[in-house]
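Visitor: The structure file my_file_19.tsv (TSV, C-alpha atoms and all ligand atoms) is provided below.
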```
chain	number	residue	atom	x	y	z
S	1	MET	CA	12.19	-7.58	18.65
S	2	VAL	CA	13.86	-4.34	17.62
S	3	ASP	CA	15.33	-2.10	20.34
S	4	VAL	CA	13.85	1.23	19.23
S	5	ASP	CA	16.01	3.32	21.56
S	6	SER	CA	19.13	2.27	19.74
S	7	PHE	CA	17.54	1.67	16.33
S	8	ILE	CA	16.39	5.28	15.73
S	9	PRO	CA	19.71	7.06	16.44
S	10	GLU	CA	21.59	4.40	14.51
S	11	ALA	CA	19.29	4.76	11.51
S	12	ILE	CA	19.64	8.56	11.63
S	13	ALA	CA	23.44	8.27	11.78
S	14	GLU	CA	23.46	5.81	8.89
S	15	ILE	CA	21.48	8.21	6.69
S	16	GLU	CA	23.63	11.20	7.67
S	17	THR	CA	26.77	9.30	6.72
S	18	ALA	CA	25.35	7.90	3.50
S	19	VAL	CA	23.87	11.13	2.15
S	20	GLY	CA	26.46	13.60	3.48
S	21	ASP	CA	25.67	17.03	2.00
S	22	GLY	CA	23.59	15.51	-0.79
S	23	ARG	CA	19.87	15.52	-1.46
S	24	ALA	CA	17.69	12.44	-1.15
S	25	ILE	CA	14.30	11.54	-2.50
S	26	ILE	CA	11.77	9.08	-1.09
S	27	ALA	CA	8.49	7.79	-2.49
S	28	LEU	CA	5.81	8.05	0.19
S	29	SER	CA	3.00	5.54	-0.16
S	30	GLY	CA	0.95	6.36	2.91
S	31	GLY	CA	1.93	3.04	4.46
S	32	VAL	CA	3.86	2.64	7.67
S	33	ASP	CA	7.12	1.47	6.04
S	34	SER	CA	7.78	4.46	3.82
S	35	SER	CA	6.40	6.80	6.50
S	36	VAL	CA	8.92	5.55	9.04
S	37	ALA	CA	11.77	5.62	6.51
S	38	ALA	CA	10.84	9.20	5.54
S	39	THR	CA	10.50	10.42	9.11
S	40	VAL	CA	13.87	8.98	10.15
S	41	ALA	CA	15.48	10.42	7.00
S	42	HIS	CA	13.86	13.81	7.64
S	43	ARG	CA	15.34	13.81	11.15
S	44	ALA	CA	18.72	13.02	9.62
S	45	ILE	CA	18.88	15.45	6.70
S	46	GLY	CA	15.87	17.77	7.13
S	47	ASP	CA	14.95	19.78	4.05
S	48	ARG	CA	17.44	17.89	1.93
S	49	LEU	CA	14.93	15.06	1.91
S	50	ILE	CA	12.31	15.41	-0.81
S	51	PRO	CA	9.32	13.17	-0.10
S	52	VAL	CA	7.27	12.46	-3.21
S	53	TYR	CA	3.79	11.03	-3.16
S	54	VAL	CA	2.57	9.79	-6.53
S	55	ASP	CA	-1.21	9.70	-6.75
S	56	THR	CA	-1.59	6.69	-9.02
S	57	GLY	CA	-5.38	6.65	-8.77
S	58	LEU	CA	-4.96	3.15	-7.31
S	59	MET	CA	-4.89	4.34	-3.71
S	60	ARG	CA	-7.30	4.05	-0.81
S	61	ALA	CA	-10.15	6.49	-0.25
S	62	GLY	CA	-8.91	9.82	1.13
S	63	GLU	CA	-5.24	8.85	0.79
S	64	THR	CA	-3.96	12.00	-0.90
S	65	GLU	CA	-5.62	14.33	1.62
S	66	SER	CA	-4.35	12.22	4.50
S	67	ILE	CA	-0.76	12.33	3.18
S	68	ARG	CA	-0.94	16.08	2.71
S	69	GLU	CA	-2.05	16.47	6.32
S	70	THR	CA	0.22	13.92	8.00
S	71	PHE	CA	3.39	15.08	6.31
S	72	SER	CA	2.67	18.79	6.28
S	73	PHE	CA	5.70	19.18	8.56
S	74	MET	CA	7.92	18.22	5.63
S	75	GLU	CA	8.17	21.44	3.64
S	76	GLN	CA	9.49	19.74	0.54
S	77	LEU	CA	6.56	17.34	0.15
S	78	GLU	CA	5.64	16.90	-3.53
S	79	ILE	CA	2.29	15.48	-4.55
S	80	VAL	CA	2.14	14.33	-8.16
S	81	ASP	CA	-1.21	13.68	-9.80
S	82	ALA	CA	-0.52	10.79	-12.19
S	83	ARG	CA	-3.98	9.21	-12.16
S	84	ASP	CA	-4.67	9.57	-15.89
S	85	ARG	CA	-1.25	8.31	-16.79
S	86	PHE	CA	-1.66	5.08	-14.81
S	87	LEU	CA	-5.16	4.44	-16.10
S	88	ALA	CA	-4.01	4.95	-19.70
S	89	ALA	CA	-1.01	2.64	-19.22
S	90	LEU	CA	-3.22	-0.07	-17.70
S	91	ALA	CA	-5.94	0.03	-20.36
S	92	GLY	CA	-6.45	-3.44	-21.83
S	93	VAL	CA	-3.91	-5.11	-19.51
S	94	THR	CA	-5.45	-8.21	-17.90
S	95	ASP	CA	-2.58	-10.47	-16.90
S	96	PRO	CA	-1.72	-10.08	-13.16
S	97	GLU	CA	2.04	-10.04	-13.57
S	98	GLU	CA	1.81	-7.66	-16.55
S	99	LYS	CA	-0.38	-5.32	-14.48
S	100	ARG	CA	2.33	-5.21	-11.82
S	101	GLN	CA	5.01	-4.58	-14.44
S	102	VAL	CA	3.05	-1.75	-16.05
S	103	ILE	CA	2.42	-0.13	-12.67
S	104	GLY	CA	6.06	-0.55	-11.67
S	105	GLU	CA	7.33	0.93	-14.92
S	106	THR	CA	4.90	3.85	-14.92
S	107	PHE	CA	5.82	4.55	-11.32
S	108	ILE	CA	9.52	4.52	-12.16
S	109	ARG	CA	8.99	6.97	-15.05
S	110	VAL	CA	7.02	9.42	-12.92
S	111	PHE	CA	9.43	9.13	-10.02
S	112	GLU	CA	12.46	9.47	-12.28
S	113	GLU	CA	11.10	12.75	-13.65
S	114	GLN	CA	10.73	14.04	-10.10
S	115	ALA	CA	14.20	12.88	-9.02
S	116	ARG	CA	15.77	14.70	-11.99
S	117	ARG	CA	13.66	17.79	-11.40
S	118	VAL	CA	14.61	18.14	-7.73
S	119	ASP	CA	18.19	17.07	-8.37
S	120	ALA	CA	18.28	14.26	-5.82
S	121	THR	CA	21.24	11.91	-5.96
S	122	TYR	CA	20.26	9.57	-3.14
S	123	LEU	CA	17.27	7.32	-2.80
S	124	VAL	CA	15.67	6.40	0.51
S	125	GLN	CA	13.36	3.36	0.41
S	126	GLY	CA	11.00	1.85	2.97
S	127	THR	CA	11.80	-1.73	1.99
S	128	ILE	CA	11.27	-4.14	4.90
S	129	TYR	CA	12.60	-7.64	5.46
S	130	PRO	CA	9.64	-9.66	4.08
S	131	ASP	CA	9.66	-7.53	0.87
S	132	ARG	CA	13.23	-8.58	0.25
S	133	ILE	CA	12.52	-12.24	0.94
S	134	GLU	CA	9.46	-12.40	-1.32
S	135	SER	CA	11.20	-10.57	-4.16
S	136	GLU	CA	14.45	-12.53	-3.89
S	137	GLY	CA	12.44	-15.76	-3.80
S	138	GLY	CA	10.76	-14.71	-7.04
S	139	ILE	CA	7.31	-15.16	-5.54
S	140	LYS	CA	6.08	-12.04	-7.25
S	141	SER	CA	7.46	-8.73	-8.40
S	142	HIS	CA	7.08	-6.16	-5.64
S	143	HIS	CA	7.07	-2.84	-7.34
S	144	ASN	CA	8.70	-1.08	-4.40
S	145	VAL	CA	11.80	-3.25	-4.50
S	146	GLY	CA	14.54	-3.37	-7.04
S	147	GLY	CA	13.04	-1.37	-9.90
S	148	LEU	CA	13.98	2.18	-9.00
S	149	PRO	CA	17.75	1.88	-8.47
S	150	GLU	CA	18.24	-0.10	-11.65
S	151	VAL	CA	16.74	2.58	-13.83
S	152	ILE	CA	17.75	5.77	-12.10
S	153	ASP	CA	21.40	6.32	-11.52
S	154	PHE	CA	21.58	7.30	-7.84
S	155	ASP	CA	24.85	7.79	-5.98
S	156	GLY	CA	23.48	5.68	-3.16
S	157	ILE	CA	20.44	3.94	-1.76
S	158	VAL	CA	19.49	3.91	1.89
S	159	GLU	CA	16.98	1.44	3.29
S	160	PRO	CA	16.71	2.22	7.00
S	161	VAL	CA	14.07	-0.42	7.84
S	162	ARG	CA	15.41	-3.20	5.60
S	163	ASP	CA	15.95	-5.67	8.48
S	164	LEU	CA	12.65	-5.11	10.27
S	165	TYR	CA	9.39	-7.03	10.25
S	166	LYS	CA	6.14	-5.13	9.97
S	167	ASP	CA	5.36	-5.24	13.71
S	168	GLU	CA	8.83	-3.87	14.43
S	169	VAL	CA	8.29	-1.03	11.95
S	170	ARG	CA	5.06	-0.21	13.79
S	171	GLU	CA	6.95	-0.10	17.07
S	172	VAL	CA	9.44	2.35	15.57
S	173	ALA	CA	6.51	4.39	14.18
S	174	ARG	CA	5.02	4.67	17.67
S	175	ALA	CA	8.39	5.67	19.10
S	176	LEU	CA	8.65	8.37	16.41
S	177	SER	CA	5.17	9.57	17.47
S	178	LEU	CA	3.85	9.06	13.97
S	179	GLU	CA	0.12	9.52	14.11
S	180	SER	CA	-1.71	6.33	14.98
S	181	VAL	CA	-3.50	6.44	11.62
S	182	ILE	CA	-0.12	5.63	10.14
S	183	ALA	CA	1.49	3.55	12.88
S	184	GLU	CA	-1.45	1.17	13.24
S	185	ARG	CA	-2.38	1.20	9.59
S	186	MET	CA	-2.98	-2.01	7.73
S	187	PRO	CA	-0.47	-2.89	5.03
S	188	PHE	CA	-1.47	-1.77	1.56
S	189	PRO	CA	0.17	-3.23	-1.54
S	190	GLY	CA	2.38	-1.09	-3.76
S	191	PRO	CA	0.22	-1.75	-6.86
S	192	GLY	CA	-2.74	-0.65	-4.76
S	193	LEU	CA	-6.30	-1.40	-5.77
S	194	ALA	CA	-5.06	-2.88	-9.07
S	195	VAL	CA	-4.39	-6.16	-7.23
S	196	ARG	CA	-7.85	-5.98	-5.66
S	197	MET	CA	-9.62	-6.65	-8.92
S	198	ILE	CA	-9.40	-9.53	-11.35
S	199	GLY	CA	-8.51	-8.49	-14.88
S	200	GLU	CA	-8.37	-5.05	-16.43
S	201	VAL	CA	-8.18	-1.97	-14.22
S	202	THR	CA	-11.05	0.36	-15.06
S	203	GLU	CA	-12.37	3.47	-13.39
S	204	GLU	CA	-15.62	1.69	-12.54
S	205	LYS	CA	-13.92	-1.27	-10.83
S	206	LEU	CA	-11.57	1.11	-9.03
S	207	SER	CA	-14.43	3.07	-7.60
S	208	VAL	CA	-16.21	-0.14	-6.41
S	209	ALA	CA	-12.98	-1.52	-4.89
S	210	ARG	CA	-12.12	1.80	-3.21
S	211	ALA	CA	-15.57	2.26	-1.68
S	212	SER	CA	-15.79	-1.40	-0.60
S	213	CYS	CA	-12.32	-1.39	0.98
S	214	ALA	CA	-13.26	1.69	3.02
S	215	ILE	CA	-16.44	-0.02	4.27
S	216	VAL	CA	-14.57	-3.22	5.16
S	217	GLU	CA	-11.80	-1.37	7.03
S	218	GLU	CA	-14.38	0.61	8.96
S	219	GLU	CA	-16.69	-2.27	9.84
S	220	LEU	CA	-13.92	-4.68	10.84
S	221	GLU	CA	-11.90	-2.27	12.96
S	222	GLU	CA	-12.91	-3.97	16.22
S	223	TYR	CA	-11.53	-7.30	14.96
S	224	GLU	CA	-8.10	-5.67	14.67
S	225	PRO	CA	-7.26	-7.58	11.49
S	226	TRP	CA	-3.70	-7.59	10.27
S	227	GLN	CA	-5.23	-6.77	6.90
S	228	ALA	CA	-8.82	-6.44	5.73
S	229	LEU	CA	-9.85	-5.69	2.18
S	230	ALA	CA	-12.41	-6.02	-0.55
S	231	ALA	CA	-11.77	-7.06	-4.14
S	232	VAL	CA	-13.82	-7.01	-7.33
S	233	ILE	CA	-13.64	-10.62	-8.50
S	234	GLY	CA	-16.11	-10.88	-11.36
S	235	LYS	CA	-19.71	-10.46	-12.42
S	236	ALA	CA	-22.84	-12.40	-11.49
S	237	THR	CA	-26.59	-12.09	-11.76
S	238	GLY	CA	-28.56	-10.30	-9.09
S	239	VAL	CA	-31.87	-8.52	-8.59
S	240	LYS	CA	-31.98	-4.80	-7.96
S	241	GLY	CA	-35.42	-3.25	-7.61
S	242	ASP	CA	-37.58	-5.04	-10.18
S	243	ASN	CA	-34.73	-5.85	-12.52
S	244	ARG	CA	-32.31	-8.68	-12.98
S	245	VAL	CA	-28.84	-7.19	-13.27
S	246	HIS	CA	-25.41	-8.46	-14.17
S	247	GLY	CA	-23.45	-6.85	-11.37
S	248	TRP	CA	-20.04	-7.00	-9.72
S	249	VAL	CA	-19.11	-9.68	-7.21
S	250	VAL	CA	-17.12	-8.23	-4.31
S	251	ALA	CA	-15.04	-10.53	-2.12
S	252	VAL	CA	-14.36	-9.50	1.47
S	253	ARG	CA	-11.18	-10.72	3.12
S	254	SER	CA	-9.88	-10.27	6.65
S	255	VAL	CA	-6.74	-11.98	7.90
S	256	ASP	CA	-4.43	-12.30	10.88
S	257	SER	CA	-0.71	-12.50	10.22
S	258	ARG	CA	2.66	-11.51	11.61
S	259	ASP	CA	4.54	-10.71	8.46
S	260	GLY	CA	2.22	-11.38	5.53
S	261	MET	CA	4.10	-14.52	4.54
S	262	THR	CA	1.41	-16.74	6.02
S	263	ALA	CA	-2.05	-15.63	7.14
S	264	ARG	CA	-5.26	-16.97	8.67
S	265	ALA	CA	-8.72	-15.92	7.53
S	266	GLN	CA	-10.55	-14.35	10.46
S	267	ASP	CA	-13.72	-15.73	12.00
S	268	ILE	CA	-16.16	-12.83	11.55
S	269	ASP	CA	-19.65	-12.95	13.04
S	270	TRP	CA	-22.64	-13.22	10.75
S	271	GLU	CA	-24.19	-9.91	11.77
S	272	THR	CA	-21.03	-7.98	10.90
S	273	LEU	CA	-20.74	-9.79	7.57
S	274	GLN	CA	-24.36	-9.00	6.79
S	275	ARG	CA	-23.84	-5.33	7.67
S	276	ILE	CA	-20.85	-5.21	5.31
S	277	GLN	CA	-22.88	-6.92	2.58
S	278	SER	CA	-25.76	-4.53	2.97
S	279	ARG	CA	-23.54	-1.44	2.92
S	280	ILE	CA	-21.51	-2.57	-0.08
S	281	THR	CA	-24.55	-3.50	-2.19
S	282	GLY	CA	-26.55	-0.51	-0.91
S	283	GLU	CA	-23.87	2.11	-1.50
S	284	ASN	CA	-22.69	0.64	-4.83
S	285	PRO	CA	-25.59	0.11	-7.24
S	286	SER	CA	-23.40	-1.90	-9.62
S	287	VAL	CA	-22.60	-4.60	-7.02
S	288	ALA	CA	-24.85	-7.68	-7.11
S	289	ARG	CA	-23.14	-9.96	-4.57
S	290	VAL	CA	-20.75	-9.96	-1.66
S	291	VAL	CA	-18.87	-13.09	-0.59
S	292	TYR	CA	-16.53	-13.74	2.37
S	293	ASP	CA	-13.18	-15.40	1.64
S	294	VAL	CA	-12.41	-18.15	4.20
S	295	THR	CA	-9.08	-19.25	2.65
S	296	HIS	CA	-5.84	-19.08	4.64
S	297	LYS	CA	-2.42	-18.23	3.11
S	298	PRO	CA	-1.28	-20.71	1.92
S	299	PRO	CA	-2.92	-21.87	-0.28
S	300	ALA	CA	-4.32	-18.42	-1.15
S	301	THR	CA	-2.42	-15.15	-1.10
S	302	ILE	CA	-3.72	-12.17	0.85
S	303	GLU	CA	-4.36	-10.01	-2.21
S	304	TYR	CA	-6.20	-11.30	-5.27
S	305	GLU	CA	-3.49	-10.87	-7.88
F	401	LIG	P1	0.19	-11.55	-0.82
F	401	LIG	O1	-0.98	-11.08	-1.61
F	401	LIG	O2	1.35	-11.97	-1.66
F	401	LIG	O3	0.68	-10.28	0.00
F	401	LIG	O4	-0.16	-12.60	0.20
F	401	LIG	C1	1.51	-10.31	1.15
F	401	LIG	C2	1.59	-8.90	1.69
F	401	LIG	O5	2.29	-8.06	0.78
F	401	LIG	C3	1.44	-7.04	0.29
F	401	LIG	N1	1.73	-6.92	-1.14
F	401	LIG	C4	2.54	-5.99	-1.66
F	401	LIG	N2	3.18	-4.95	-1.10
F	401	LIG	N3	4.06	-4.34	-3.19
F	401	LIG	C5	3.92	-4.12	-1.87
F	401	LIG	O6	4.47	-3.16	-1.36
F	401	LIG	C6	3.45	-5.37	-3.84
F	401	LIG	O7	3.60	-5.55	-5.04
F	401	LIG	C7	2.65	-6.23	-3.01
F	401	LIG	N4	1.91	-7.31	-3.27
F	401	LIG	C8	1.35	-7.73	-2.12
F	401	LIG	C9	0.03	-7.49	0.58
F	401	LIG	O8	-0.86	-6.40	0.69
F	401	LIG	C10	0.22	-8.24	1.86
F	401	LIG	O9	0.31	-7.36	2.97
```
With the file now loaded, output its structure as structure tokens.

Guide:
Amino acid sequence: MVDVDSFIPEAIAEIETAVGDGRAIIALSGGVDSSVAATVAHRAIGDRLIPVYVDTGLMRAGETESIRETFSFMEQLEIVDARDRFLAALAGVTDPEEKRQVIGETFIRVFEEQARRVDATYLVQGTIYPDRIESEGGIKSHHNVGGLPEVIDFDGIVEPVRDLYKDEVREVARALSLESVIAERMPFPGPGLAVRMIGEVTEEKLSVARASCAIVEEELEEYEPWQALAAVIGKATGVKGDNRVHGWVVAVRSVDSRDGMTARAQDIDWETLQRIQSRITGENPSVARVVYDVTHKPPATIEYE
């Protein structure tokens, strides 16, 4: 386990040395990894850190407001509304790997524009140990690893939490007094809600996935899942009022894990599952069915794409 008392000053010193008098940029995602990396970097270089949050439209409910509030102490915080740009780039894209690529590339373009605009020559990233392993192993392309430095010519890249596991990052977050909404937050994938739907990303599916994820996170809080989510996995017949409808099928997933590399589906009681079902179908008229995913990782992954 990480020794936070020595980790934090060492990380601060590393960033001070690496960046010197320069300016650094970091992409905030709202997750604990980039939040910790940004907070440590802010302690090291203060206003010479420019945190950028790109609103991709693929984020959780209330994410942008929550970022604005949590990081209001960072004067340089930039919030970029790129929702239309992402949706346009993703139109008609159905292949899972291509979706990731399109999101990664669009993100790089938007971020690159910001880096040039604010004249930042260093990049701080919240990459953690399992991200590196999964990307190096070619399991799937993580959009937060690798892409940015290859395209944008930075003088240096600093990854203060690169050797930590998720639970260690959380420990550092608590030591930094990052609000518990961040420190205890479930992981959320870089490509966001796009990997919580099968096939094309559309505004309608996004709104179902976003609303359903919020319900699932809320209703399963007492189970303290490592990650809980909902995904739009297809269409099926249902009955709403007096009509047969062809509505969305939403899968609910809740897992325990240490590092995301393996995971166990949680045993959730029937009453809770029924409450989730009734809220998701009740609050989303276009949803016809809710199913619970009982598959561990392996053989499944945690996300759907
Ligand atoms: P899977 O679905 O591969 O996910 O079992 C393992 C963990 O990684 C998260 N995840 C991602 N995180 N960029 C990220 O930053 C990504 O492209 C990505 N894909 C999956 C996932 O939410 C889970 O915590």

Visitor: Identify, on the basis of only C-alpha atoms, every residue whose closest approach to S:Arg196 does not exceed 12 Å; exclude the query and any residue fewer than 5 positions from it along the same chain; express the result as a PyMOL selection string.

Guide: chain S and resi 58-60+96+99-100+188-191+201-202+205-213+228-234+249-253+301-305

Visitor: Mind giving me the straight-line distance from atom N3 of ligand LIG 401 (chain F) to atom CA of S:Ser180 in Å, one decimal?

Guide: 21.8 Å

Visitor: At a cut-off of 9 Å around ligand LIG 401 (chain F), and using all atoms listed in the file, what residues come up? Please write them as a tab-separated table (two decimals) with C-alpha atoms, in the frame of the given file.

Guide:
```tsv
chain	number	residue	atom	x	y	z
S	29	SER	CA	3.00	5.54	-0.16
S	31	GLY	CA	1.93	3.04	4.46
S	100	ARG	CA	2.33	-5.21	-11.82
S	104	GLY	CA	6.06	-0.55	-11.67
S	127	THR	CA	11.80	-1.73	1.99
S	130	PRO	CA	9.64	-9.66	4.08
S	131	ASP	CA	9.66	-7.53	0.87
S	134	GLU	CA	9.46	-12.40	-1.32
S	139	ILE	CA	7.31	-15.16	-5.54
S	140	LYS	CA	6.08	-12.04	-7.25
S	141	SER	CA	7.46	-8.73	-8.40
S	142	HIS	CA	7.08	-6.16	-5.64
S	143	HIS	CA	7.07	-2.84	-7.34
S	144	ASN	CA	8.70	-1.08	-4.40
S	145	VAL	CA	11.80	-3.25	-4.50
S	186	MET	CA	-2.98	-2.01	7.73
S	187	PRO	CA	-0.47	-2.89	5.03
S	188	PHE	CA	-1.47	-1.77	1.56
S	189	PRO	CA	0.17	-3.23	-1.54
S	190	GLY	CA	2.38	-1.09	-3.76
S	191	PRO	CA	0.22	-1.75	-6.86
S	192	GLY	CA	-2.74	-0.65	-4.76
S	195	VAL	CA	-4.39	-6.16	-7.23
S	226	TRP	CA	-3.70	-7.59	10.27
S	227	GLN	CA	-5.23	-6.77	6.90
S	257	SER	CA	-0.71	-12.50	10.22
S	259	ASP	CA	4.54	-10.71	8.46
S	260	GLY	CA	2.22	-11.38	5.53
S	261	MET	CA	4.10	-14.52	4.54
S	262	THR	CA	1.41	-16.74	6.02
S	263	ALA	CA	-2.05	-15.63	7.14
S	297	LYS	CA	-2.42	-18.23	3.11
S	298	PRO	CA	-1.28	-20.71	1.92
S	300	ALA	CA	-4.32	-18.42	-1.15
S	301	THR	CA	-2.42	-15.15	-1.10
S	302	ILE	CA	-3.72	-12.17	0.85
S	303	GLU	CA	-4.36	-10.01	-2.21
S	304	TYR	CA	-6.20	-11.30	-5.27
S	305	GLU	CA	-3.49	-10.87	-7.88
```

Visitor: Figure out the distance between atom CA of S:Val158 and atom CA of S:Glu10, please, to one decimal in Å.

Guide: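 Separating atom CA of S:Glu10 from atom CA of S:Val158 is a distance of 12.8 Å.
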
Visitor: Check the smallest atom-to-atom distance from each of S:Leu77, S:Val110, S:Ile26, S:Val32 to S:Val172 using only C-alpha atoms, then report the winner.

Guide: S:Val32

Visitor: Under the rule of at most 8 Å, produce a per-residue listing of stretch 170-249 of chain S near stretch 35-46 of chain S: chain, number, name, the closest pair of atoms, and the distance in Å, as a tab-separated table, using all atoms listed in the file.

Guide:
```
residue	atom	partner	partner_atom	distance
S:Val172	CA	S:Val36	CA	7.3
S:Ala173	CA	S:Val36	CA	5.8
S:Leu176	CA	S:Thr39	CA	7.8
S:Leu178	CA	S:Val36	CA	7.9
S:Ile182	CA	S:Ser35	CA	7.6
```

Visitor: Return the single residue from S:Ile128, S:Thr56, S:Trp248, S:Phe111 that is closest to S:Ala89, with distances computed using all atoms listed in the file.

Guide: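 Looking only at the distances to S:Ala89, the closest residue turns out to be S:Thr56.
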
Visitor: Which residue, S:Ile157, S:Ala61, S:Val118, S:Ala175, has the smallest gap to S:Ile15 when you use all atoms listed in the file?

Guide: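 Among the listed residues, S:Ile157 lies closest to S:Ile15.
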
Visitor: Excluding S:Glu171 and any residue of its chain fewer than 4 positions from it, enumerate the residues within 9 Å of it, using only C-alpha atoms, and give them as an MDAnalysis selection string.

Guide: chainID S and resid 2 4 166:167 175:176 183
